[in-house]
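S.K.: Compact mmCIF, C-alpha atoms, saved as entry_34.txt, coming up:
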# COMPACT_ATOMS: atom_id res chain seq x y z
CA MET V 1 79.59 73.37 143.72
CA ARG V 2 82.09 73.23 140.88
CA VAL V 3 82.86 76.79 139.80
CA ILE V 4 85.09 78.29 137.12
CA GLY V 5 86.50 81.75 137.80
CA LEU V 6 87.63 83.84 134.83
CA MET V 7 89.96 86.81 135.08
CA SER V 8 91.93 89.11 132.80
CA GLY V 9 93.83 91.76 134.70
CA THR V 10 95.03 95.24 133.89
CA SER V 11 97.95 93.81 131.92
CA TYR V 12 95.35 92.37 129.47
CA ASP V 13 97.76 89.72 128.22
CA ALA V 14 95.63 86.62 128.75
CA ILE V 15 92.41 85.22 130.16
CA ASP V 16 92.99 82.94 133.15
CA ALA V 17 90.46 80.31 134.18
CA GLY V 18 90.69 78.63 137.59
CA ALA V 19 88.33 75.78 138.46
CA ALA V 20 87.54 74.75 142.02
CA ASP V 21 85.20 72.59 144.02
CA LEU V 22 83.68 74.85 146.69
CA SER V 23 81.57 73.89 149.67
CA LEU V 24 80.43 75.30 152.99
CA ASP V 25 81.40 73.38 156.11
CA GLY V 26 80.06 75.16 159.18
CA ASP V 27 81.77 78.53 159.30
CA SER V 28 84.42 77.47 156.76
CA LEU V 29 84.44 77.76 153.00
CA VAL V 30 86.41 74.84 151.59
CA LEU V 31 88.22 75.29 148.26
CA LYS V 32 89.72 72.39 146.36
CA PRO V 33 91.71 73.73 143.37
CA LEU V 34 91.20 71.78 140.16
CA GLY V 35 93.79 73.65 138.11
CA MET V 36 93.93 76.49 135.64
CA VAL V 37 94.14 77.15 131.95
CA SER V 38 95.18 80.38 130.28
CA GLU V 39 94.44 81.73 126.81
CA ALA V 40 96.28 84.71 125.39
CA TYR V 41 94.21 87.31 123.59
CA ASP V 42 94.81 87.06 119.86
CA GLU V 43 97.06 89.87 118.69
CA THR V 44 94.37 91.70 116.75
CA LEU V 45 92.05 91.84 119.76
CA ARG V 46 94.87 92.79 122.10
CA GLU V 47 95.94 95.64 119.85
CA ALA V 48 92.35 96.89 119.55
CA LEU V 49 91.97 96.76 123.32
CA ALA V 50 95.28 98.54 123.93
CA ALA V 51 94.37 101.29 121.46
CA SER V 52 91.05 101.91 123.21
CA LEU V 53 92.40 102.20 126.74
CA PRO V 54 93.37 105.55 128.30
CA PRO V 55 94.95 107.77 127.18
CA GLY V 56 93.71 106.55 123.78
CA ALA V 57 90.37 107.58 122.32
CA THR V 58 87.60 105.22 121.29
CA SER V 59 84.02 105.17 120.01
CA MET V 60 80.82 103.49 121.11
CA ALA V 61 81.07 101.30 118.02
CA GLU V 62 84.48 100.08 119.14
CA VAL V 63 83.24 99.54 122.71
CA CYS V 64 80.46 97.36 121.28
CA ARG V 65 82.91 95.37 119.18
CA LEU V 66 85.26 94.90 122.13
CA ASP V 67 82.45 93.83 124.46
CA THR V 68 81.44 91.17 121.95
CA ARG V 69 84.90 89.95 121.00
CA ILE V 70 86.15 89.86 124.60
CA GLY V 71 82.99 87.99 125.59
CA GLN V 72 83.62 85.45 122.85
CA ALA V 73 87.25 85.07 123.96
CA PHE V 74 86.15 84.52 127.57
CA ALA V 75 83.56 82.01 126.34
CA ALA V 76 86.19 80.02 124.46
CA THR V 77 88.38 79.92 127.57
CA ALA V 78 85.40 78.86 129.70
CA VAL V 79 84.55 76.02 127.31
CA ARG V 80 88.13 74.80 127.51
CA ALA V 81 88.09 74.99 131.32
CA VAL V 82 84.82 73.04 131.52
CA ARG V 83 86.31 70.32 129.34
CA GLU V 84 89.87 70.14 130.63
CA LEU V 85 89.48 70.99 134.32
CA CYS V 86 85.97 69.84 135.19
CA ASP V 87 85.37 66.79 132.97
CA GLY V 88 82.34 68.61 131.58
CA ARG V 89 80.73 68.89 135.03
CA ALA V 90 81.03 72.56 135.97
CA GLU V 91 78.00 74.22 137.56
CA LEU V 92 78.74 77.94 137.53
CA ILE V 93 80.90 80.48 135.73
CA ALA V 94 82.15 83.59 137.54
CA SER V 95 83.57 86.10 135.07
CA HIS V 96 85.36 89.26 136.09
CA GLY V 97 85.60 90.45 132.48
CA GLN V 98 88.15 92.93 131.23
CA THR V 99 88.41 96.27 133.01
CA VAL V 100 88.60 99.07 130.46
CA TYR V 101 87.86 102.05 132.70
CA HIS V 102 87.77 102.70 136.43
CA TRP V 103 86.31 106.16 137.07
CA ALA V 104 88.23 107.34 140.13
CA LYS V 105 88.36 111.03 141.00
CA ASP V 106 89.04 113.03 144.16
CA GLY V 107 89.42 109.91 146.28
CA ARG V 108 86.08 108.43 145.17
CA VAL V 109 85.12 105.89 142.54
CA HIS V 110 82.09 106.97 140.53
CA GLY V 111 81.84 104.02 138.17
CA THR V 112 83.66 101.15 136.52
CA LEU V 113 83.40 99.26 133.25
CA GLN V 114 84.34 95.66 132.56
CA LEU V 115 83.76 94.32 129.05
CA GLY V 116 83.10 90.72 128.02
CA GLN V 117 79.39 90.19 127.50
CA PRO V 118 78.39 87.25 129.76
CA ALA V 119 75.66 86.07 127.38
CA TRP V 120 78.38 84.59 125.18
CA LEU V 121 79.66 82.52 128.11
CA ALA V 122 76.19 81.30 129.08
CA GLU V 123 75.41 80.37 125.50
CA ALA V 124 78.72 78.57 124.91
CA THR V 125 78.77 76.58 128.17
CA GLY V 126 75.07 76.31 129.00
CA LEU V 127 75.92 77.40 132.55
CA PRO V 128 74.73 80.36 134.62
CA VAL V 129 77.24 83.21 134.71
CA VAL V 130 77.88 85.71 137.48
CA ALA V 131 79.50 88.88 136.12
CA ASP V 132 79.83 92.64 136.74
CA PHE V 133 81.08 92.15 140.30
CA ARG V 134 82.40 95.64 141.00
CA SER V 135 79.41 97.86 140.25
CA ARG V 136 77.30 96.96 143.29
CA ASP V 137 80.07 97.84 145.72
CA ILE V 138 80.53 101.20 143.99
CA ALA V 139 76.78 101.85 144.15
CA ALA V 140 77.04 101.22 147.91
CA GLY V 141 79.73 103.89 148.22
CA GLY V 142 82.76 101.63 147.84
CA GLN V 143 85.79 101.69 145.59
CA GLY V 144 84.76 98.49 143.82
CA ALA V 145 88.24 97.16 144.56
CA PRO V 146 90.22 95.31 145.66
CA LEU V 147 87.49 92.65 145.65
CA VAL V 148 89.95 89.86 146.38
CA SER V 149 90.29 91.35 149.87
CA LEU V 150 87.40 89.25 151.22
CA VAL V 151 89.06 86.07 149.96
CA ASP V 152 92.41 87.17 151.39
CA LEU V 153 90.87 87.86 154.80
CA LEU V 154 89.13 84.49 154.92
CA TRP V 155 92.24 82.69 153.68
CA LEU V 156 94.80 84.30 155.99
CA ARG V 157 92.68 84.24 159.15
CA GLY V 158 94.53 82.54 161.97
CA ARG V 159 98.04 82.88 160.55
CA PRO V 160 100.51 84.13 163.16
CA GLY V 161 101.72 87.71 163.22
CA THR V 162 100.41 90.23 160.70
CA PRO V 163 100.18 88.54 157.31
CA VAL V 164 99.54 90.84 154.35
CA ALA V 165 98.37 89.61 150.96
CA LEU V 166 99.95 91.29 147.95
CA ASN V 167 98.77 91.08 144.36
CA LEU V 168 101.37 92.19 141.81
CA GLY V 169 99.33 92.60 138.66
CA GLY V 170 99.24 95.63 136.39
CA ILE V 171 98.20 97.47 139.54
CA ALA V 172 99.45 96.31 142.95
CA ASN V 173 97.11 95.91 145.91
CA LEU V 174 97.35 94.85 149.54
CA THR V 175 95.02 93.31 152.11
CA ALA V 176 95.82 93.45 155.84
CA PRO V 177 94.22 91.26 158.53
CA ASP V 178 92.37 94.24 160.07
CA GLY V 179 90.38 94.59 156.83
CA THR V 180 92.43 97.44 155.38
CA ALA V 181 92.88 97.01 151.62
CA PHE V 182 93.93 99.33 148.81
CA ASP V 183 95.83 99.70 145.55
CA THR V 184 99.38 100.83 146.28
CA GLY V 185 99.93 102.07 142.71
CA PRO V 186 101.52 100.48 139.65
CA GLY V 187 102.54 96.87 139.85
CA CYS V 188 103.70 96.01 136.35
CA ALA V 189 101.67 98.63 134.45
CA LEU V 190 104.43 101.18 133.93
CA ILE V 191 107.11 98.52 133.44
CA ASP V 192 105.00 96.91 130.71
CA ALA V 193 104.22 100.27 129.11
CA ALA V 194 107.91 101.17 129.00
CA ALA V 195 108.93 97.78 127.59
CA ARG V 196 106.30 98.15 124.87
CA GLY V 197 107.17 101.78 124.15
CA PHE V 198 110.94 101.37 123.98
CA SER V 199 110.70 98.22 121.82
CA GLY V 200 108.18 99.68 119.39
CA GLY V 201 105.65 97.07 120.46
CA ARG V 202 108.00 94.11 120.02
CA LEU V 203 108.00 93.44 123.79
CA SER V 204 104.91 93.47 125.98
CA TYR V 205 106.72 93.11 129.31
CA ASP V 206 110.17 92.78 130.88
CA ALA V 207 110.61 89.02 130.72
CA ASP V 208 112.41 87.70 133.83
CA GLY V 209 113.35 91.29 134.72
CA ALA V 210 116.16 91.13 132.13
CA LEU V 211 115.94 94.80 131.17
CA ALA V 212 115.68 96.05 134.74
CA GLY V 213 118.51 93.76 135.78
CA SER V 214 120.84 95.27 133.19
CA GLY V 215 119.96 98.86 134.08
CA THR V 216 120.64 101.29 136.91
CA VAL V 217 118.02 103.07 138.99
CA HIS V 218 117.96 106.77 138.07
CA GLU V 219 117.29 108.58 141.35
CA PRO V 220 116.09 111.92 139.89
CA LEU V 221 113.49 110.09 137.76
CA LEU V 222 112.44 107.96 140.73
CA LEU V 223 111.92 111.08 142.86
CA ARG V 224 109.82 112.70 140.11
CA LEU V 225 107.66 109.59 139.86
CA LEU V 226 107.19 109.49 143.64
CA GLU V 227 105.72 113.00 143.54
CA GLU V 228 102.47 111.51 142.17
CA PRO V 229 99.74 112.60 144.68
CA TYR V 230 98.00 109.21 144.58
CA TYR V 231 100.62 107.67 146.86
CA ALA V 232 99.74 110.05 149.71
CA LEU V 233 95.98 109.42 149.58
CA PRO V 234 94.53 107.53 152.57
CA ALA V 235 92.98 104.09 152.22
CA PRO V 236 90.63 102.88 150.92
CA LYS V 237 91.77 103.94 147.48
CA THR V 238 91.98 102.42 144.02
CA THR V 239 93.61 103.35 140.76
CA GLY V 240 94.26 101.97 137.29
CA LYS V 241 95.79 102.55 133.89
CA GLU V 242 93.69 105.69 133.63
CA LEU V 243 96.55 107.20 135.67
CA PHE V 244 99.52 104.87 135.32
CA HIS V 245 100.07 104.68 131.57
CA LEU V 246 102.82 105.61 129.12
CA GLY V 247 101.82 109.28 129.18
CA HIS V 248 102.40 109.35 132.94
CA LEU V 249 105.93 108.08 132.36
CA ARG V 250 106.58 110.56 129.56
CA ASP V 251 105.53 113.43 131.80
CA ALA V 252 107.99 112.27 134.45
CA LEU V 253 110.77 111.88 131.88
CA ALA V 254 110.34 115.45 130.67
CA GLY V 255 113.30 117.46 131.91
CA VAL V 256 115.27 114.44 133.11
CA GLY V 257 117.05 113.97 129.82
CA THR V 258 117.50 110.97 127.58
CA LEU V 259 117.98 107.75 129.49
CA PRO V 260 118.72 104.21 128.32
CA ALA V 261 115.64 101.98 128.23
CA GLU V 262 117.23 99.66 130.77
CA ASP V 263 117.71 102.50 133.28
CA VAL V 264 114.11 103.66 132.88
CA ILE V 265 112.77 100.15 133.41
CA ALA V 266 115.08 99.57 136.39
CA THR V 267 113.73 102.81 137.87
CA LEU V 268 110.11 101.80 137.27
CA THR V 269 110.77 98.43 138.87
CA MET V 270 112.18 100.19 141.92
CA LEU V 271 109.13 102.49 141.94
CA THR V 272 106.86 99.48 142.30
CA ALA V 273 109.09 97.88 144.95
CA ARG V 274 109.34 101.10 146.94
CA THR V 275 105.66 102.05 146.87
CA VAL V 276 104.62 98.51 147.78
CA ALA V 277 107.22 98.25 150.54
CA ASP V 278 106.27 101.64 151.98
CA ALA V 279 102.64 100.57 152.11
CA VAL V 280 103.49 97.20 153.65
CA THR V 281 105.55 98.94 156.33
CA THR V 282 102.65 101.19 157.34
CA LEU V 283 100.57 98.04 157.93
CA GLY V 284 103.10 96.55 160.33
CA ALA V 285 103.37 93.36 158.28
CA THR V 286 105.40 90.44 159.54
CA GLU V 287 104.76 88.39 156.41
CA VAL V 288 103.88 89.21 152.80
CA ILE V 289 102.20 86.57 150.64
CA ALA V 290 102.49 87.63 147.01
CA SER V 291 100.68 86.51 143.89
CA GLY V 292 100.20 87.77 140.35
CA GLY V 293 102.40 88.11 137.30
CA GLY V 294 104.90 90.36 139.06
CA THR V 295 106.07 87.44 141.20
CA ARG V 296 107.68 86.03 138.04
CA ASN V 297 109.98 89.07 137.83
CA PRO V 298 113.00 88.12 139.98
CA VAL V 299 114.43 91.65 139.91
CA LEU V 300 111.20 93.13 141.26
CA MET V 301 110.96 90.47 143.95
CA ARG V 302 114.59 91.00 144.96
CA MET V 303 114.13 94.77 145.17
CA LEU V 304 110.99 94.28 147.24
CA ALA V 305 112.71 91.86 149.62
CA GLN V 306 115.61 94.29 150.10
CA ARG V 307 113.19 97.02 151.12
CA LEU V 308 111.41 94.75 153.62
CA PRO V 309 114.16 93.54 155.96
CA GLY V 310 112.84 91.24 158.63
CA VAL V 311 109.55 90.63 156.76
CA ALA V 312 109.05 87.17 155.29
CA LEU V 313 108.27 87.42 151.57
CA ARG V 314 106.74 84.33 149.99
CA THR V 315 104.35 83.51 147.18
CA SER V 316 100.85 82.13 147.49
CA ASP V 317 102.08 78.91 145.87
CA GLU V 318 103.66 78.01 149.21
CA LEU V 319 100.20 78.16 150.81
CA GLY V 320 98.47 76.03 148.20
CA LEU V 321 97.14 78.64 145.74
CA ALA V 322 99.03 79.01 142.47
CA SER V 323 100.07 82.66 142.22
CA ALA V 324 99.15 82.78 138.54
CA ALA V 325 95.62 81.51 139.27
CA LYS V 326 94.86 83.17 142.61
CA GLU V 327 92.67 85.95 141.22
CA ALA V 328 90.73 83.50 139.06
CA TYR V 329 90.12 81.34 142.15
CA ALA V 330 89.10 84.46 144.06
CA PHE V 331 86.38 85.26 141.55
CA ALA V 332 85.24 81.64 141.63
CA VAL V 333 84.75 82.17 145.38
CA LEU V 334 82.89 85.45 144.82
CA GLY V 335 80.63 83.76 142.26
CA PHE V 336 79.92 80.94 144.70
CA LEU V 337 79.00 83.45 147.41
CA THR V 338 76.66 85.29 145.04
CA ALA V 339 74.95 82.05 144.01
CA HIS V 340 74.33 81.30 147.69
CA GLY V 341 73.06 84.79 148.49
CA LEU V 342 76.11 85.77 150.53
CA PRO V 343 77.93 89.13 150.51
CA GLY V 344 81.21 89.32 148.65
CA THR V 345 82.68 92.49 150.13
CA VAL V 346 84.26 93.81 153.29
CA PRO V 347 83.21 97.43 153.89
CA SER V 348 86.48 98.30 155.62
CA ALA V 349 88.39 97.15 152.54
CA THR V 350 86.44 99.00 149.85
CA GLY V 351 84.88 101.83 151.87
CA ALA V 352 81.32 100.76 151.07
CA ARG V 353 78.49 101.56 153.48
CA HIS V 354 77.43 97.91 153.68
CA ALA V 355 78.56 94.48 152.57
CA ARG V 356 76.61 93.47 149.46
CA VAL V 357 75.90 90.42 147.35
CA LEU V 358 77.81 91.13 144.16
CA GLY V 359 77.21 90.82 140.47
CA SER V 360 74.51 90.15 137.93
CA ILE V 361 73.46 86.63 136.92
CA THR V 362 72.88 85.46 133.35
CA PRO V 363 70.83 82.22 133.31
CA GLY V 364 72.20 79.08 131.72
CA ARG V 365 70.65 76.78 129.15
CA ASP V 366 68.17 75.31 131.64
CA GLY V 367 67.11 78.63 133.13
CA LEU V 368 68.16 80.01 136.48
CA ARG V 369 68.59 77.27 139.07
CA LEU V 370 70.45 78.45 142.14
CA PRO V 371 71.17 76.55 145.36
CA PRO V 372 69.18 77.41 148.49
CA PRO V 373 70.48 80.54 150.23
CA ALA V 374 73.19 79.80 152.80
CA GLY V 375 72.31 80.57 156.37
CA GLN V 376 75.80 81.36 157.65
CA ARG V 377 78.56 83.53 156.25
CA PRO V 378 81.96 81.79 156.25
CA VAL V 379 84.67 83.26 158.44
CA ARG V 380 87.62 81.34 157.00
CA LEU V 381 88.76 79.82 153.72
CA VAL V 382 90.35 76.37 153.81
CA VAL V 383 92.39 75.32 150.79
CA GLU V 384 92.65 71.55 150.44
For this file, produce the structure as structure tokens.
M.R.:
Amino acid sequence: MRVIGLMSGTSYDAIDAGAADLSLDGDSLVLKPLGMVSEAYDETLREALAASLPPGATSMAEVCRLDTRIGQAFAATAVRAVRELCDGRAELIASHGQTVYHWAKDGRVHGTLQLGQPAWLAEATGLPVVADFRSRDIAAGGQGAPLVSLVDLLWLRGRPGTPVALNLGGIANLTAPDGTAFDTGPGCALIDAAARGFSGGRLSYDADGALAGSGTVHEPLLLRLLEEPYYALPAPKTTGKELFHLGHLRDALAGVGTLPAEDVIATLTMLTARTVADAVTTLGATEVIASGGGTRNPVLMRMLAQRLPGVALRTSDELGLASAAKEAYAFAVLGFLTAHGLPGTVPSATGARHARVLGSITPGRDGLRLPPPAGQRPVRLVVE
């Protein structure tokens, strides 16, 4: 089955589409990457989205407008992916949508909201769309994240030692081979927020780690940031920009004094490296395979490597999955599993009571035509 996975992460900078041919071969799920395309949100939509996210206030009218406009943006990206990556022969769309709120409190997740109405995708492409992946896991008592953990476990099965998958998006998360998975805390979220805040909106991120590289880590600020109680919570746990936003940074800066922007961003970069490295160490990792936008920040990657002596740090590109597209491919896999009636979660990773088939399906132009249910759950992912 030819599937397109669509993803926009907590950095909400662009919509990524990864296309893949997926098939079941005995107990293996075989993935042949077909490439990716990426479409940045237009500036007006991005600004509206940023203004509506915590700690900002919004209205139901604005939520409706965002759901529609994000859905239309996802649809345009899907149309492009069908044409450019699949020669017009895609069979299924799997859309994560745009997370706007993840209701986590007291160690539990009570709900989650991803916008990007899938009807726009089904109408634009004529294909069935699997969307709203996270809600079923939450209804089953899980955290609803990190959902890529199932894909990581299948993909890394059989590698020597203790390989740990790391996603460095707006929020960073890990998956260990024993099924442990959790968000470690901010990946690029606070770095991006600081870059945007200090530049008056001119910068949306620290390109190539240039600001961090020209600054000095401020130890008192780092220690204040590390006092955040989230870091001490046991797994499984998830978080988001509901916690790690510009207000969180401002609270930590209070009482520290005025610092140069470069020093603040260097400190935030070290915060991500330290919290990730501390979490990796508790898992006994011998190898870390990283993906996500944070891998393009050489200062962050260098800081992380320095805090993980003796642990091999590489990117998913070296194992055949482009780091920029890995999450999009992961949701293509989850959509494929849903279409075949197969669970898309690992209870040990999310804390759910049971593994569940994920998502809701919007029929395509020809109605709902799904393949016969698969009789065997895959135990490994093979990337060709």
S.K.: If you measure from CA of Ala181 (chain V) to CA of Gly144 (chain V), what distance in Å do you get, rounded to one decimal?
M.R.: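 These atoms are spaced 11.4 Å apart.
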S.K.: Determine, using all atoms listed in the file, which residues of region 260-282 of chain V have any atom at most 6 Å from an atom of region 215-226 of chain V, and tabulate each with its shortest atom pair and distance in Å to one decimal place, rows ordered by chain and then rising number, as JSON lines.
M.R.:
{"residue": "V:Glu262", "atom": "CA", "partner": "V:Gly215", "partner_atom": "CA", "distance": 4.4}
{"residue": "V:Asp263", "atom": "CA", "partner": "V:Gly215", "partner_atom": "CA", "distance": 4.4}
{"residue": "V:Ala266", "atom": "CA", "partner": "V:Val217", "partner_atom": "CA", "distance": 5.3}
{"residue": "V:Thr267", "atom": "CA", "partner": "V:Val217", "partner_atom": "CA", "distance": 4.4}
S.K.: List the spatial neighbours of Pro118 (chain V) as a PyMOL selection string - criterion: any atom at most 8 Å away, only C-alpha atoms, same-chain residues fewer than 3 positions off excluded.
M.R.: chain V and resi 71+95+121-122+129-131+362
S.K.: Between CA of Arg369 (chain V) and CA of Leu85 (chain V), what is the distance in Å, rounded to a tenth?
M.R.: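 CA of Leu85 (chain V) lies at a distance of 22.3 Å from CA of Arg369 (chain V).
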S.K.: Ala273 (chain V): which residues within 12 Å, counting all atoms listed in the file, same-chain residues fewer than 5 positions away excluded, as a PyMOL selection string?
M.R.: chain V and resi 166+168+172+184-188+191+217+222+226+266-268+278-281+294-295+297-308
S.K.: So what do you get for CA of Met7 (chain V) versus CA of Leu150 (chain V), distance-wise?
M.R.: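 Computing it gives 16.5 Å between the two atoms.
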S.K.: Identify which of the residues V:Thr272, V:Ser323, V:Thr258, V:Ser149 lies closest to Gly344 (chain V), counting all atoms listed in the file when measuring atom-to-atom distances.
M.R.: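 Going through V:Thr272, V:Ser323, V:Thr258, V:Ser149 one by one, the smallest distance to Gly344 (chain V) is for V:Ser149.
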S.K.: Hey, which of V:Ala48, V:Leu24, V:Ile171, V:Ala212 ends up closest to Ser11 (chain V)? Count all atoms listed in the file.
M.R.: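 Under the stated criterion, the closest residue is V:Ile171.
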S.K.: Tell me, as JSON, numbers by chain, which residues lie within 10 Å of Thr175 (chain V), counting all atoms listed in the file; anything in the same chain fewer than 3 positions away does not count.
M.R.: {"V": [146, 147, 148, 149, 150, 151, 152, 153, 156, 163, 164, 165, 166, 167, 178, 179, 180, 181, 182, 183, 280, 283, 288, 289, 349]}
S.K.: Using all atoms listed in the file, can you tell me which of V:Gly213, V:Pro260, V:Pro177, V:Gly116 comes closest to Gly158 (chain V)?
M.R.: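 Among the listed residues, V:Pro177 lies closest to Gly158 (chain V).
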S.K.: Pick out the closest residue to Glu91 (chain V) from this set: V:Leu66, V:Glu39, V:Leu154, V:Val3. Count all atoms listed in the file.
M.R.: V:Val3
S.K.: If we count all atoms listed in the file, what is near region 372-374 of chain V at a cut-off of 12 Å, once residues fewer than 6 positions away on the same chain are taken out, given as a PyMOL selection string?
M.R.: chain V and resi 23-27+29+336-343+357
S.K.: Can you spit out the residues from that selection as a JSON list (two decimals), in the frame of the given file, using C-alpha atoms?
M.R.:
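Contents of part-v9.json, as written:
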[["chain", "number", "residue", "atom", "x", "y", "z"],
["V", 23, "SER", "CA", 81.57, 73.89, 149.67],
["V", 24, "LEU", "CA", 80.43, 75.30, 152.99],
["V", 25, "ASP", "CA", 81.40, 73.38, 156.11],
["V", 26, "GLY", "CA", 80.06, 75.16, 159.18],
["V", 27, "ASP", "CA", 81.77, 78.53, 159.30],
["V", 29, "LEU", "CA", 84.44, 77.76, 153.00],
["V", 336, "PHE", "CA", 79.92, 80.94, 144.70],
["V", 337, "LEU", "CA", 79.00, 83.45, 147.41],
["V", 338, "THR", "CA", 76.66, 85.29, 145.04],
["V", 339, "ALA", "CA", 74.95, 82.05, 144.01],
["V", 340, "HIS", "CA", 74.33, 81.30, 147.69],
["V", 341, "GLY", "CA", 73.06, 84.79, 148.49],
["V", 342, "LEU", "CA", 76.11, 85.77, 150.53],
["V", 343, "PRO", "CA", 77.93, 89.13, 150.51],
["V", 357, "VAL", "CA", 75.90, 90.42, 147.35]]
S.K.: Please provide as an MDAnalysis selection string all residues within 10 Å of Leu45 (chain V), with the sequence filter that same-chain residues fewer than 4 positions apart are discarded (counting all atoms listed in the file).
M.R.: chainID V and resid 41 49:51 65:66 69:70 73
S.K.: Taking into account only C-alpha atoms, which residue in the set V:Val379, V:Val37, V:Val256, V:Leu368 is nearest to Leu127 (chain V)?
M.R.: V:Leu368
S.K.: With all atoms listed in the file as the basis for distance, which of V:Gly126, V:Gly293, V:Pro33, V:Gly18 is at the shortest distance from Asp192 (chain V)?
M.R.: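 Distance minimum relative to Asp192 (chain V) lands on V:Gly293.
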S.K.: Compute the distance from (84.3, 71.3, 137.2) to each atom, counting all atoms listed in the file, keep the residues with any atom at most 8 Å away, and return them as a list of chain:residue names; use the coordinates of the file.
M.R.: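 Taken together, the residues in range are V:Arg2, V:Val3, V:Ile4, V:Ala19, V:Ala20, V:Asp21, V:Leu34, V:Ala81, V:Val82, V:Leu85, V:Cys86, V:Asp87, V:Gly88, V:Arg89, V:Ala90, V:Glu91.
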S.K.: Once you count only C-alpha atoms, which residues end up no further than 10 Å from (105.9, 102.0, 130.1) in the file's frame, shown as a PyMOL selection string?
M.R.: chain V and resi 188-198+204-205+244-250+261+264-265+268
